[in-house]
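Peer 1: I'm passing along structure.pdb; it holds PDB, C-alpha atoms.
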```
ATOM      1  CA  MET B  24      10.872 -15.486  14.239
ATOM      2  CA  PRO B  25      10.930 -18.471  16.636
ATOM      3  CA  GLN B  26      14.441 -19.574  17.525
ATOM      4  CA  ASN B  27      15.746 -23.082  16.784
ATOM      5  CA  VAL B  28      12.501 -24.371  15.361
ATOM      6  CA  ALA B  29      12.674 -27.163  12.787
ATOM      7  CA  VAL B  30       9.934 -27.277  10.176
ATOM      8  CA  GLU B  31       9.560 -30.068   7.655
ATOM      9  CA  LEU B  32       8.111 -29.105   4.291
ATOM     10  CA  PRO B  33       7.571 -31.083   1.084
ATOM     11  CA  ALA B  34      10.014 -30.330  -1.717
ATOM     12  CA  ASN B  35       9.183 -27.243  -3.762
ATOM     13  CA  THR B  36       7.061 -25.701  -1.002
ATOM     14  CA  PRO B  37       7.150 -21.891  -1.059
ATOM     15  CA  LEU B  38       8.513 -20.394   2.145
ATOM     16  CA  THR B  39       5.308 -18.370   2.447
ATOM     17  CA  ASP B  40       3.829 -21.632   3.764
ATOM     18  CA  LEU B  41       5.840 -21.107   6.957
ATOM     19  CA  GLU B  42       3.090 -18.731   8.033
ATOM     20  CA  PHE B  43       0.725 -21.700   8.257
ATOM     21  CA  GLU B  44       3.304 -24.109   9.644
ATOM     22  CA  LEU B  45       4.171 -21.637  12.431
ATOM     23  CA  HIS B  46       0.569 -20.585  13.005
ATOM     24  CA  GLY B  47       0.226 -18.612  16.222
ATOM     25  CA  GLN B  48       3.949 -17.898  16.390
ATOM     26  CA  THR B  49       5.722 -14.924  14.912
ATOM     27  CA  SER B  50       6.942 -15.975  11.491
ATOM     28  CA  ILE B  51       8.903 -14.236   8.768
ATOM     29  CA  PRO B  52       7.179 -10.844   8.294
ATOM     30  CA  PHE B  53       5.732 -11.331   4.822
ATOM     31  CA  GLY B  54       4.333  -8.284   3.047
ATOM     32  CA  CYS B  55       3.439  -8.195  -0.630
ATOM     33  CA  ARG B  56       4.565 -11.791  -1.343
ATOM     34  CA  LEU B  57       5.568 -10.615  -4.807
ATOM     35  CA  GLY B  58       9.187  -9.652  -4.181
ATOM     36  CA  VAL B  59       8.628  -5.881  -4.344
ATOM     37  CA  CYS B  60       8.361  -4.673  -0.741
ATOM     38  CA  GLY B  61      11.415  -6.183   0.984
ATOM     39  CA  ALA B  62       9.671  -7.126   4.226
ATOM     40  CA  CYS B  63      10.725 -10.791   4.101
ATOM     41  CA  VAL B  64      14.508 -10.591   3.693
ATOM     42  CA  ILE B  65      16.159 -13.691   5.152
ATOM     43  CA  GLU B  66      19.738 -14.768   5.630
ATOM     44  CA  VAL B  67      20.393 -18.348   4.589
ATOM     45  CA  VAL B  68      22.742 -19.454   7.352
ATOM     46  CA  GLU B  69      23.154 -22.984   6.006
ATOM     47  CA  GLY B  70      22.107 -24.443   2.677
ATOM     48  CA  VAL B  71      22.385 -21.541   0.223
ATOM     49  CA  GLY B  72      21.712 -24.000  -2.597
ATOM     50  CA  ALA B  73      18.574 -25.335  -0.926
ATOM     51  CA  PHE B  74      16.251 -22.941  -2.741
ATOM     52  CA  ASP B  75      15.432 -22.350  -6.387
ATOM     53  CA  SER B  76      17.822 -19.876  -7.929
ATOM     54  CA  LYS B  77      17.620 -16.134  -7.390
ATOM     55  CA  GLY B  78      16.388 -14.111 -10.341
ATOM     56  CA  ALA B  79      18.018 -10.900 -11.518
ATOM     57  CA  GLY B  80      15.105  -8.793 -10.226
ATOM     58  CA  GLU B  81      15.348 -10.301  -6.751
ATOM     59  CA  ALA B  82      19.134  -9.890  -6.725
ATOM     60  CA  ASP B  83      18.937  -6.257  -7.823
ATOM     61  CA  PHE B  84      16.298  -5.418  -5.241
ATOM     62  CA  LEU B  85      18.227  -7.117  -2.437
ATOM     63  CA  ALA B  86      21.367  -5.217  -3.440
ATOM     64  CA  THR B  87      19.349  -1.979  -3.347
ATOM     65  CA  LEU B  88      18.187  -2.841   0.154
ATOM     66  CA  GLY B  89      21.786  -3.441   1.256
ATOM     67  CA  TYR B  90      21.752  -7.257   1.127
ATOM     68  CA  PRO B  91      23.993  -8.308  -1.757
ATOM     69  CA  GLY B  92      25.477 -11.778  -2.095
ATOM     70  CA  ASP B  93      24.205 -15.317  -2.174
ATOM     71  CA  ALA B  94      23.282 -15.601   1.495
ATOM     72  CA  PHE B  95      20.368 -13.173   1.365
ATOM     73  CA  ARG B  96      17.002 -13.939  -0.211
ATOM     74  CA  LEU B  97      13.463 -12.652  -0.303
ATOM     75  CA  ALA B  98      11.646 -15.472   1.473
ATOM     76  CA  CYS B  99       8.501 -14.994  -0.606
ATOM     77  CA  GLN B 100      10.518 -15.853  -3.738
ATOM     78  CA  CYS B 101      11.984 -19.076  -2.359
ATOM     79  CA  ARG B 102      10.847 -22.638  -2.828
ATOM     80  CA  LEU B 103      12.530 -25.195  -0.625
ATOM     81  CA  GLN B 104      14.467 -27.931  -2.402
ATOM     82  CA  ALA B 105      16.791 -29.251   0.353
ATOM     83  CA  PRO B 106      17.470 -28.734   4.094
ATOM     84  CA  ALA B 107      18.378 -25.187   5.102
ATOM     85  CA  THR B 108      18.761 -22.944   8.135
ATOM     86  CA  ILE B 109      17.439 -19.410   7.805
ATOM     87  CA  ARG B 110      16.922 -16.332   9.943
ATOM     88  CA  SER B 111      14.771 -13.293   9.334
ATOM     89  CA  VAL B 112      16.772 -10.059   9.214
ATOM     90  CA  PHE B 113      13.826  -8.079  10.656
TER      91      PHE B 113
ATOM     92  CA  MET J  13     -29.513  -9.663 -36.277
ATOM     93  CA  SER J  14     -27.534  -7.270 -34.034
ATOM     94  CA  ASN J  15     -24.994  -8.336 -31.423
ATOM     95  CA  ARG J  16     -26.325  -7.428 -27.986
ATOM     96  CA  VAL J  17     -23.039  -7.884 -26.130
ATOM     97  CA  LYS J  18     -21.975  -4.798 -24.161
ATOM     98  CA  ASN J  19     -19.505  -3.837 -21.426
ATOM     99  CA  VAL J  20     -16.481  -5.757 -22.656
ATOM    100  CA  GLY J  21     -14.253  -2.708 -22.960
ATOM    101  CA  TYR J  22     -13.710  -2.769 -26.709
ATOM    102  CA  GLU J  23     -16.050   0.036 -27.752
ATOM    103  CA  ASN J  24     -13.319   2.676 -27.893
ATOM    104  CA  ARG J  25      -9.968   1.377 -29.064
ATOM    105  CA  GLN J  26      -8.349   4.754 -29.661
ATOM    106  CA  PRO J  27      -7.198   6.272 -26.353
ATOM    107  CA  PHE J  28      -8.635   9.759 -25.760
ATOM    108  CA  LEU J  29      -5.172  10.914 -24.691
ATOM    109  CA  ASN J  30      -2.174  10.143 -26.868
ATOM    110  CA  ALA J  31       1.168   9.638 -25.141
ATOM    111  CA  ALA J  32       2.188  13.297 -25.234
ATOM    112  CA  ALA J  33      -1.217  14.478 -24.009
ATOM    113  CA  SER J  34      -1.085  11.950 -21.182
ATOM    114  CA  VAL J  35       2.290  13.271 -20.023
ATOM    115  CA  GLU J  36       1.024  16.865 -20.239
ATOM    116  CA  LEU J  37      -2.146  16.119 -18.297
ATOM    117  CA  ARG J  38      -0.249  14.170 -15.660
ATOM    118  CA  SER J  39       2.001  17.145 -14.984
ATOM    119  CA  GLN J  40      -1.091  19.370 -14.611
ATOM    120  CA  ILE J  41      -2.632  16.884 -12.173
ATOM    121  CA  ASP J  42       0.607  16.668 -10.216
ATOM    122  CA  ALA J  43       0.649  20.468  -9.906
ATOM    123  CA  ILE J  44      -2.932  20.366  -8.590
ATOM    124  CA  ILE J  45      -1.949  17.776  -5.990
ATOM    125  CA  ASP J  46       1.091  19.866  -5.016
ATOM    126  CA  ARG J  47      -1.280  22.760  -4.255
ATOM    127  CA  GLN J  48      -3.519  20.384  -2.305
ATOM    128  CA  ILE J  49      -0.524  19.263  -0.262
ATOM    129  CA  ALA J  50       0.301  22.882   0.624
ATOM    130  CA  GLN J  51      -3.314  23.481   1.615
ATOM    131  CA  TRP J  52      -3.236  20.281   3.665
ATOM    132  CA  TYR J  53      -0.361  21.471   5.802
ATOM    133  CA  GLU J  54      -2.119  24.801   6.362
ATOM    134  CA  THR J  55      -5.510  23.426   7.354
ATOM    135  CA  VAL J  56      -5.339  19.888   8.776
ATOM    136  CA  PRO J  57      -4.600  19.680  12.508
ATOM    137  CA  TYR J  58      -1.313  17.953  13.324
ATOM    138  CA  ALA J  59      -0.711  17.374   9.604
ATOM    139  CA  ALA J  60       3.072  17.322  10.043
ATOM    140  CA  HIS J  61       3.101  15.559  13.401
ATOM    141  CA  LEU J  62       4.642  12.299  12.184
ATOM    142  CA  GLU J  63       7.462  14.264  10.536
ATOM    143  CA  GLY J  64       8.392  15.867  13.842
ATOM    144  CA  LYS J  65      11.037  14.981  16.401
ATOM    145  CA  ASN J  66       8.595  13.824  19.090
ATOM    146  CA  VAL J  67       5.702  11.625  18.102
ATOM    147  CA  ASN J  68       2.701  11.123  20.362
ATOM    148  CA  SER J  69       2.634   7.345  20.825
ATOM    149  CA  GLU J  70      -1.152   7.026  21.082
ATOM    150  CA  TYR J  71      -1.592   9.115  17.934
ATOM    151  CA  TYR J  72       1.025   7.034  16.121
ATOM    152  CA  ARG J  73      -0.469   3.691  17.159
ATOM    153  CA  ARG J  74      -4.012   4.681  16.245
ATOM    154  CA  HIS J  75      -2.800   5.983  12.862
ATOM    155  CA  LEU J  76      -1.279   2.562  12.161
ATOM    156  CA  VAL J  77      -4.519   0.863  13.258
ATOM    157  CA  GLU J  78      -6.612   3.058  10.958
ATOM    158  CA  THR J  79      -4.172   2.641   8.066
ATOM    159  CA  ALA J  80      -4.372  -1.153   8.339
ATOM    160  CA  TRP J  81      -8.189  -1.021   8.517
ATOM    161  CA  ARG J  82      -8.312   1.425   5.590
ATOM    162  CA  ILE J  83      -6.310  -1.002   3.449
ATOM    163  CA  ARG J  84      -8.543  -3.918   4.507
ATOM    164  CA  LEU J  85     -11.762  -2.076   3.759
ATOM    165  CA  LEU J  86     -10.710  -0.377   0.552
ATOM    166  CA  ARG J  87      -9.229  -3.488  -1.050
ATOM    167  CA  VAL J  88     -12.726  -4.980  -1.138
ATOM    168  CA  ALA J  89     -14.074  -2.002  -3.068
ATOM    169  CA  GLU J  90     -10.916  -1.847  -5.191
ATOM    170  CA  SER J  91     -11.428  -5.499  -6.111
ATOM    171  CA  LYS J  92     -14.996  -4.708  -7.198
ATOM    172  CA  THR J  93     -13.537  -1.762  -9.112
ATOM    173  CA  LEU J  94     -11.571  -4.233 -11.253
ATOM    174  CA  ALA J  95     -14.819  -5.609 -12.696
ATOM    175  CA  GLU J  96     -16.086  -2.115 -13.487
ATOM    176  CA  ILE J  97     -12.783  -1.207 -15.128
ATOM    177  CA  ALA J  98     -12.803  -4.427 -17.181
ATOM    178  CA  LYS J  99     -16.188  -3.419 -18.603
ATOM    179  CA  ARG J 100     -14.618  -0.212 -19.897
ATOM    180  CA  SER J 101     -10.961  -0.951 -20.688
ATOM    181  CA  PRO J 102      -9.138  -4.299 -20.636
ATOM    182  CA  GLU J 103      -5.798  -2.486 -20.697
ATOM    183  CA  ALA J 104      -6.674  -0.461 -17.604
ATOM    184  CA  ALA J 105      -8.026  -3.646 -15.985
ATOM    185  CA  GLN J 106      -4.739  -5.464 -16.500
ATOM    186  CA  ILE J 107      -2.800  -2.589 -14.958
ATOM    187  CA  TRP J 108      -5.232  -2.215 -12.047
ATOM    188  CA  ALA J 109      -5.168  -5.961 -11.351
ATOM    189  CA  ASN J 110      -1.376  -5.907 -11.156
ATOM    190  CA  TYR J 111      -1.391  -2.833  -8.917
ATOM    191  CA  GLU J 112      -3.987  -4.363  -6.594
ATOM    192  CA  CYS J 113      -2.008  -7.601  -6.526
ATOM    193  CA  GLU J 114       1.037  -5.711  -5.291
ATOM    194  CA  GLU J 115      -0.892  -3.721  -2.668
ATOM    195  CA  MET J 116      -3.396  -6.362  -1.570
ATOM    196  CA  LEU J 117      -1.642  -7.639   1.564
ATOM    197  CA  HIS J 118       0.029  -4.423   2.701
ATOM    198  CA  ASP J 119      -2.173  -4.213   5.769
ATOM    199  CA  GLU J 120       0.148  -6.865   7.208
ATOM    200  CA  LEU J 121       3.107  -4.475   7.017
ATOM    201  CA  PHE J 122       1.291  -1.962   9.246
ATOM    202  CA  ILE J 123       0.051  -4.691  11.585
ATOM    203  CA  GLN J 124       3.664  -5.862  11.947
ATOM    204  CA  ASP J 125       4.715  -2.315  12.905
ATOM    205  CA  LEU J 126       1.784  -2.158  15.323
ATOM    206  CA  ALA J 127       3.190  -5.223  17.084
ATOM    207  CA  ARG J 128       6.549  -3.462  17.262
ATOM    208  CA  ALA J 129       4.707  -0.523  18.848
ATOM    209  CA  GLY J 130       3.166  -2.766  21.497
ATOM    210  CA  VAL J 131      -0.263  -3.348  19.952
ATOM    211  CA  SER J 132      -1.081  -7.020  19.409
ATOM    212  CA  ARG J 133      -2.985  -8.401  16.449
ATOM    213  CA  GLU J 134      -5.845  -9.218  18.802
ATOM    214  CA  GLN J 135      -5.984  -5.621  20.017
ATOM    215  CA  PHE J 136      -5.955  -4.409  16.417
ATOM    216  CA  LEU J 137      -8.804  -6.756  15.460
ATOM    217  CA  ALA J 138     -10.823  -5.640  18.480
ATOM    218  CA  THR J 139     -10.544  -1.954  17.488
ATOM    219  CA  GLU J 140     -13.383  -0.755  15.277
ATOM    220  CA  PRO J 141     -12.185   1.786  12.687
ATOM    221  CA  TYR J 142     -13.114   5.453  12.942
ATOM    222  CA  LEU J 143     -16.298   6.706  11.312
ATOM    223  CA  SER J 144     -14.185   8.694   8.829
ATOM    224  CA  THR J 145     -12.445   5.473   7.730
ATOM    225  CA  LYS J 146     -15.813   3.803   7.227
ATOM    226  CA  LEU J 147     -17.054   6.865   5.325
ATOM    227  CA  LEU J 148     -14.154   6.616   2.877
ATOM    228  CA  ALA J 149     -15.056   2.979   2.203
ATOM    229  CA  GLY J 150     -18.667   4.052   1.807
ATOM    230  CA  PHE J 151     -17.682   6.745  -0.676
ATOM    231  CA  PHE J 152     -15.953   4.072  -2.775
ATOM    232  CA  SER J 153     -19.163   2.028  -2.812
ATOM    233  CA  TYR J 154     -21.171   5.082  -3.845
ATOM    234  CA  LEU J 155     -18.693   5.845  -6.638
ATOM    235  CA  LEU J 156     -18.828   2.316  -8.042
ATOM    236  CA  ASP J 157     -22.594   2.152  -7.965
ATOM    237  CA  HIS J 158     -23.357   5.664  -9.192
ATOM    238  CA  GLU J 159     -20.399   7.352 -10.904
ATOM    239  CA  GLY J 160     -17.996   4.681 -12.142
ATOM    240  CA  PRO J 161     -14.498   3.413 -11.372
ATOM    241  CA  LEU J 162     -12.530   6.587 -12.211
ATOM    242  CA  GLY J 163     -13.183   8.036  -8.758
ATOM    243  CA  VAL J 164     -11.757   4.976  -7.027
ATOM    244  CA  VAL J 165      -8.649   4.944  -9.209
ATOM    245  CA  ALA J 166      -8.229   8.697  -8.609
ATOM    246  CA  TYR J 167      -7.888   7.995  -4.886
ATOM    247  CA  SER J 168      -4.995   5.640  -5.539
ATOM    248  CA  TYR J 169      -3.240   8.205  -7.721
ATOM    249  CA  LEU J 170      -3.606  10.877  -5.042
ATOM    250  CA  VAL J 171      -2.275   8.596  -2.310
ATOM    251  CA  GLU J 172       0.566   7.122  -4.366
ATOM    252  CA  TYR J 173       1.751  10.540  -5.611
ATOM    253  CA  VAL J 174       1.677  11.993  -2.110
ATOM    254  CA  ASN J 175       3.360   8.917  -0.605
ATOM    255  CA  VAL J 176       6.255   8.932  -3.060
ATOM    256  CA  LYS J 177       6.701  12.652  -2.469
ATOM    257  CA  LEU J 178       6.384  12.773   1.317
ATOM    258  CA  GLU J 179       7.067   9.276   2.700
ATOM    259  CA  PRO J 180      10.896   9.460   2.474
ATOM    260  CA  SER J 181      11.047  12.464   4.821
ATOM    261  CA  LYS J 182       8.372  10.988   7.078
ATOM    262  CA  ILE J 183      10.216   7.663   7.222
ATOM    263  CA  GLN J 184      13.468   9.488   8.043
ATOM    264  CA  ALA J 185      11.739  11.323  10.875
ATOM    265  CA  LEU J 186      10.140   8.125  12.199
ATOM    266  CA  LYS J 187      13.529   6.388  12.149
ATOM    267  CA  GLU J 188      14.637   8.938  14.714
ATOM    268  CA  SER J 189      11.458   9.344  16.732
ATOM    269  CA  VAL J 190      10.162   5.746  16.764
ATOM    270  CA  GLY J 191      13.298   3.796  15.794
ATOM    271  CA  GLU J 192      14.271   2.265  12.475
ATOM    272  CA  SER J 193      13.790  -1.308  13.644
ATOM    273  CA  ASN J 194      10.236  -0.459  14.700
ATOM    274  CA  ILE J 195       9.111   0.802  11.304
ATOM    275  CA  SER J 196      10.295  -2.021   9.024
ATOM    276  CA  GLY J 197       6.775  -2.532   7.723
ATOM    277  CA  GLN J 198       6.318   1.103   6.766
ATOM    278  CA  ILE J 199       9.748   1.096   5.105
ATOM    279  CA  SER J 200       8.769  -1.994   3.085
ATOM    280  CA  HIS J 201       5.503  -0.357   2.048
ATOM    281  CA  SER J 202       7.448   2.667   0.878
ATOM    282  CA  HIS J 203       9.784   0.431  -1.162
ATOM    283  CA  THR J 204       6.887  -0.875  -3.186
ATOM    284  CA  ASP J 205       5.468   2.573  -3.902
ATOM    285  CA  ILE J 206       8.788   4.087  -4.934
ATOM    286  CA  ASN J 207      10.748   1.225  -6.515
ATOM    287  CA  ASP J 208       7.787  -0.155  -8.379
ATOM    288  CA  ASP J 209       6.626   3.318  -9.520
ATOM    289  CA  HIS J 210       3.107   2.969  -8.231
ATOM    290  CA  PRO J 211       2.112   6.516  -9.201
ATOM    291  CA  GLY J 212       3.178   5.743 -12.775
ATOM    292  CA  GLU J 213       1.297   2.464 -12.737
ATOM    293  CA  VAL J 214      -1.937   4.018 -11.527
ATOM    294  CA  TRP J 215      -1.587   6.875 -14.001
ATOM    295  CA  GLN J 216      -1.445   4.361 -16.844
ATOM    296  CA  ALA J 217      -4.784   2.954 -15.680
ATOM    297  CA  ILE J 218      -6.248   6.475 -15.428
ATOM    298  CA  ARG J 219      -5.041   7.277 -18.924
ATOM    299  CA  PHE J 220      -7.151   4.456 -20.359
ATOM    300  CA  LEU J 221     -10.223   5.447 -18.321
ATOM    301  CA  LEU J 222     -10.266   9.093 -19.421
ATOM    302  CA  ARG J 223     -12.547   9.351 -22.446
ATOM    303  CA  SER J 224     -13.538  13.027 -22.522
ATOM    304  CA  ASP J 225     -12.813  16.489 -21.170
ATOM    305  CA  GLU J 226     -15.631  15.845 -18.707
ATOM    306  CA  ASP J 227     -13.728  12.849 -17.378
ATOM    307  CA  ILE J 228     -10.683  15.065 -16.876
ATOM    308  CA  ALA J 229     -12.802  17.594 -14.961
ATOM    309  CA  SER J 230     -14.225  14.732 -12.893
ATOM    310  CA  LEU J 231     -10.729  13.455 -12.104
ATOM    311  CA  LYS J 232      -9.771  16.865 -10.704
ATOM    312  CA  ARG J 233     -12.912  16.983  -8.560
ATOM    313  CA  TYR J 234     -12.276  13.454  -7.256
ATOM    314  CA  LEU J 235      -8.806  14.467  -6.083
ATOM    315  CA  ALA J 236     -10.306  17.318  -4.035
ATOM    316  CA  GLU J 237     -13.130  15.138  -2.679
ATOM    317  CA  HIS J 238     -10.804  12.390  -1.520
ATOM    318  CA  GLN J 239      -8.605  14.970   0.163
ATOM    319  CA  SER J 240     -11.661  16.287   2.036
ATOM    320  CA  ILE J 241     -12.485  12.820   3.336
ATOM    321  CA  LEU J 242      -8.894  12.118   4.335
ATOM    322  CA  ALA J 243      -8.886  15.472   6.168
ATOM    323  CA  LEU J 244     -11.945  14.252   8.128
ATOM    324  CA  TYR J 245      -9.902  11.241   9.215
ATOM    325  CA  PHE J 246      -6.929  13.282  10.398
ATOM    326  CA  LYS J 247      -9.305  15.623  12.256
ATOM    327  CA  GLU J 248     -10.973  12.638  13.953
ATOM    328  CA  LEU J 249      -7.570  11.187  14.868
ATOM    329  CA  TYR J 250      -6.404  14.537  16.277
ATOM    330  CA  GLU J 251      -9.597  15.071  18.272
ATOM    331  CA  ASP J 252      -9.518  11.536  19.687
ATOM    332  CA  LYS J 253      -5.854  11.287  20.590
ATOM    333  CA  ILE J 254      -4.665  14.862  21.126
ATOM    334  CA  ALA J 255      -7.445  17.418  21.678
ATOM    335  CA  HIS J 256      -9.550  15.105  23.837
ATOM    336  CA  VAL J 257      -6.584  14.196  26.030
ATOM    337  CA  GLU J 258      -5.517  17.833  26.374
ATOM    338  CA  GLN J 259      -9.073  18.780  27.379
ATOM    339  CA  LYS J 260      -9.167  16.099  30.051
ATOM    340  CA  ALA J 261      -5.817  17.218  31.412
ATOM    341  CA  ALA J 262      -6.867  20.885  31.566
TER     342      ALA J 262
END
```
For the file at hand, write its structure as structure tokens.

Peer 2:
Amino acid sequence: MPQNVAVELPANTPLTDLEFELHGQTSIPFGCRLGVCGACVIEVVEGVGAFDSKGAGEADFLATLGYPGDAFRLACQCRLQAPATIRSVF
Amino acid sequence: MSNRVKNVGYENRQPFLNAAASVELRSQIDAIIDRQIAQWYETVPYAAHLEGKNVNSEYYRRHLVETAWRIRLLRVAESKTLAEIAKRSPEAAQIWANYECEEMLHDELFIQDLARAGVSREQFLATEPYLSTKLLAGFFSYLLDHEGPLGVVAYSYLVEYVNVKLEPSKIQALKESVGESNISGQISHSHTDINDDHPGEVWQAIRFLLRSDEDIASLKRYLAEHQSILALYFKELYEDKIAHVEQKAA
């Protein structure tokens, strides 16, 4: 993923839109976009509360993948609500 | 006056297979596929190559290219299959739609691993798929036009069953030969198949499409036919990337 790139998105935009915002640059590696493949795991470095809340299914799957805790999300399940800093784990 | 409406999938409400019969048949089918897997390893050149310690990089890259193209081509036919299934069984259509939804964009996972292997998206797009890959897509079209959707769904059951059975050991081998960070896409693809029980999902669709003993016989034949076409692909891949190179070197 590009380093130190700031992207402005309207509130409630799904993070899958980053693919279009960062067109031509390597973005988060999205896969199924349904929260079942685990390709898009991100670490929320700043602004853990900036996304809509994590569901039990997402939390369980992330724990299975070895990413428990509030800081890790599946990017395809996130809608942006406030400023945040993220990094792709892959 | 009679109602002329047809093909809405409500002609037969009673499934041909009850729950117990479905479980019994599934175990028979799984045993058939297990025998096909054994035959595969005995007859297909380089069948176990990607499970080995040393992976030929050209073979590996081209396999990823063909896998991504196979997904891209087949999802078109599988989307058309949804309409044919909906004409026969709305329950099977709902299951198939969900399955296709989950698999639809998985070509991206292989394209991401291609990039990690040094093949750009542009290079992937510029590579025309093998004839055997095109033939598989063509077989799907034939099936939809002339035999019905069961054959297409049978392919997915074969692939999902084999993937869940064999992918973990293949992934483990690739972690060592290619590097774990270079196969994230393939690992993610495997997550979906295993954690989301894709074989079980596809079987539920098959269960609703089987309406007779003839359908069951057809299902078994489809599994063998798809295996034959997939064997053509692996033979083409071997001849292009291994045999051809060895001949030139000799």

Peer 1: Show me which bits of chain B are within 9 Å of chain J, counting only C-alpha atoms, as number ranges by chain.

Peer 2: B: 52-57, 59-62, 84, 113

Peer 1: Any chance you could export the current selection's C-alpha atoms as an mmCIF file, in the frame of the given file?

Peer 2:
```cif
data_model
loop_
_atom_site.group_PDB
_atom_site.id
_atom_site.type_symbol
_atom_site.label_atom_id
_atom_site.label_comp_id
_atom_site.auth_asym_id
_atom_site.auth_seq_id
_atom_site.Cartn_x
_atom_site.Cartn_y
_atom_site.Cartn_z
ATOM 1 C CA PRO B 52 7.179 -10.844 8.294
ATOM 2 C CA PHE B 53 5.732 -11.331 4.822
ATOM 3 C CA GLY B 54 4.333 -8.284 3.047
ATOM 4 C CA CYS B 55 3.439 -8.195 -0.630
ATOM 5 C CA ARG B 56 4.565 -11.791 -1.343
ATOM 6 C CA LEU B 57 5.568 -10.615 -4.807
ATOM 7 C CA VAL B 59 8.628 -5.881 -4.344
ATOM 8 C CA CYS B 60 8.361 -4.673 -0.741
ATOM 9 C CA GLY B 61 11.415 -6.183 0.984
ATOM 10 C CA ALA B 62 9.671 -7.126 4.226
ATOM 11 C CA PHE B 84 16.298 -5.418 -5.241
ATOM 12 C CA PHE B 113 13.826 -8.079 10.656
#
```

Peer 1: To verify the selection step, state as number ranges by chain which residues the PyMOL selection byres ((chain B and resi 30) around 12) yields on this input.

Peer 2: B: 25-29, 31-33, 36, 38, 40-46, 50, 103, 106-109

Peer 1: Which is closer to Ile195 (chain J) than all the others in J:Arg16, J:Arg100, J:Arg223, J:Arg73, using only C-alpha atoms?

Peer 2: J:Arg73

Peer 1: Using only C-alpha atoms, pick whichever of J:Leu126, J:Leu162, J:Leu186, J:Leu242 has the shortest atom-to-atom distance to Ile218 (chain J).

Peer 2: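 Closest to Ile218 (chain J), using only C-alpha atoms: J:Leu162.
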
Peer 1: If the PyMOL selection byres ((chain J and resi 177-179) around 10) is run on the structure shown, which residues does it catch, given as a PDB file with C-alpha atoms, keeping the file's coordinate frame?

Peer 2:
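expr.pdb, written as the output of this step:
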```
ATOM      1  CA  ASP J  46       1.091  19.866  -5.016  1.00  0.00           C
ATOM      2  CA  ILE J  49      -0.524  19.263  -0.262  1.00  0.00           C
ATOM      3  CA  GLU J  63       7.462  14.264  10.536  1.00  0.00           C
ATOM      4  CA  VAL J 171      -2.275   8.596  -2.310  1.00  0.00           C
ATOM      5  CA  GLU J 172       0.566   7.122  -4.366  1.00  0.00           C
ATOM      6  CA  TYR J 173       1.751  10.540  -5.611  1.00  0.00           C
ATOM      7  CA  VAL J 174       1.677  11.993  -2.110  1.00  0.00           C
ATOM      8  CA  ASN J 175       3.360   8.917  -0.605  1.00  0.00           C
ATOM      9  CA  VAL J 176       6.255   8.932  -3.060  1.00  0.00           C
ATOM     10  CA  PRO J 180      10.896   9.460   2.474  1.00  0.00           C
ATOM     11  CA  SER J 181      11.047  12.464   4.821  1.00  0.00           C
ATOM     12  CA  LYS J 182       8.372  10.988   7.078  1.00  0.00           C
ATOM     13  CA  ILE J 183      10.216   7.663   7.222  1.00  0.00           C
ATOM     14  CA  GLN J 184      13.468   9.488   8.043  1.00  0.00           C
ATOM     15  CA  ALA J 185      11.739  11.323  10.875  1.00  0.00           C
ATOM     16  CA  GLN J 198       6.318   1.103   6.766  1.00  0.00           C
ATOM     17  CA  ILE J 199       9.748   1.096   5.105  1.00  0.00           C
ATOM     18  CA  HIS J 201       5.503  -0.357   2.048  1.00  0.00           C
ATOM     19  CA  SER J 202       7.448   2.667   0.878  1.00  0.00           C
ATOM     20  CA  ASP J 205       5.468   2.573  -3.902  1.00  0.00           C
ATOM     21  CA  ILE J 206       8.788   4.087  -4.934  1.00  0.00           C
TER      22      ILE J 206
END
```

Peer 1: Take the PyMOL selection byres ((chain B and resi 65) around 12), apply it to the structure above, and return the hits as a short mmCIF file (atom, residue, chain, number, x, y, z; two decimals) with C-alpha atoms, in the coordinates of the input.

Peer 2:
```cif
data_model
loop_
_atom_site.label_atom_id
_atom_site.label_comp_id
_atom_site.auth_asym_id
_atom_site.auth_seq_id
_atom_site.Cartn_x
_atom_site.Cartn_y
_atom_site.Cartn_z
CA MET B 24 10.87 -15.49 14.24
CA LEU B 38 8.51 -20.39 2.14
CA SER B 50 6.94 -15.98 11.49
CA ILE B 51 8.90 -14.24 8.77
CA PRO B 52 7.18 -10.84 8.29
CA PHE B 53 5.73 -11.33 4.82
CA GLY B 61 11.42 -6.18 0.98
CA ALA B 62 9.67 -7.13 4.23
CA CYS B 63 10.72 -10.79 4.10
CA VAL B 64 14.51 -10.59 3.69
CA GLU B 66 19.74 -14.77 5.63
CA VAL B 67 20.39 -18.35 4.59
CA VAL B 68 22.74 -19.45 7.35
CA GLU B 69 23.15 -22.98 6.01
CA VAL B 71 22.38 -21.54 0.22
CA LEU B 85 18.23 -7.12 -2.44
CA TYR B 90 21.75 -7.26 1.13
CA PRO B 91 23.99 -8.31 -1.76
CA GLY B 92 25.48 -11.78 -2.10
CA ASP B 93 24.20 -15.32 -2.17
CA ALA B 94 23.28 -15.60 1.50
CA PHE B 95 20.37 -13.17 1.36
CA ARG B 96 17.00 -13.94 -0.21
CA LEU B 97 13.46 -12.65 -0.30
CA ALA B 98 11.65 -15.47 1.47
CA CYS B 99 8.50 -14.99 -0.61
CA GLN B 100 10.52 -15.85 -3.74
CA CYS B 101 11.98 -19.08 -2.36
CA ALA B 107 18.38 -25.19 5.10
CA THR B 108 18.76 -22.94 8.14
CA ILE B 109 17.44 -19.41 7.80
CA ARG B 110 16.92 -16.33 9.94
CA SER B 111 14.77 -13.29 9.33
CA VAL B 112 16.77 -10.06 9.21
CA PHE B 113 13.83 -8.08 10.66
#
```
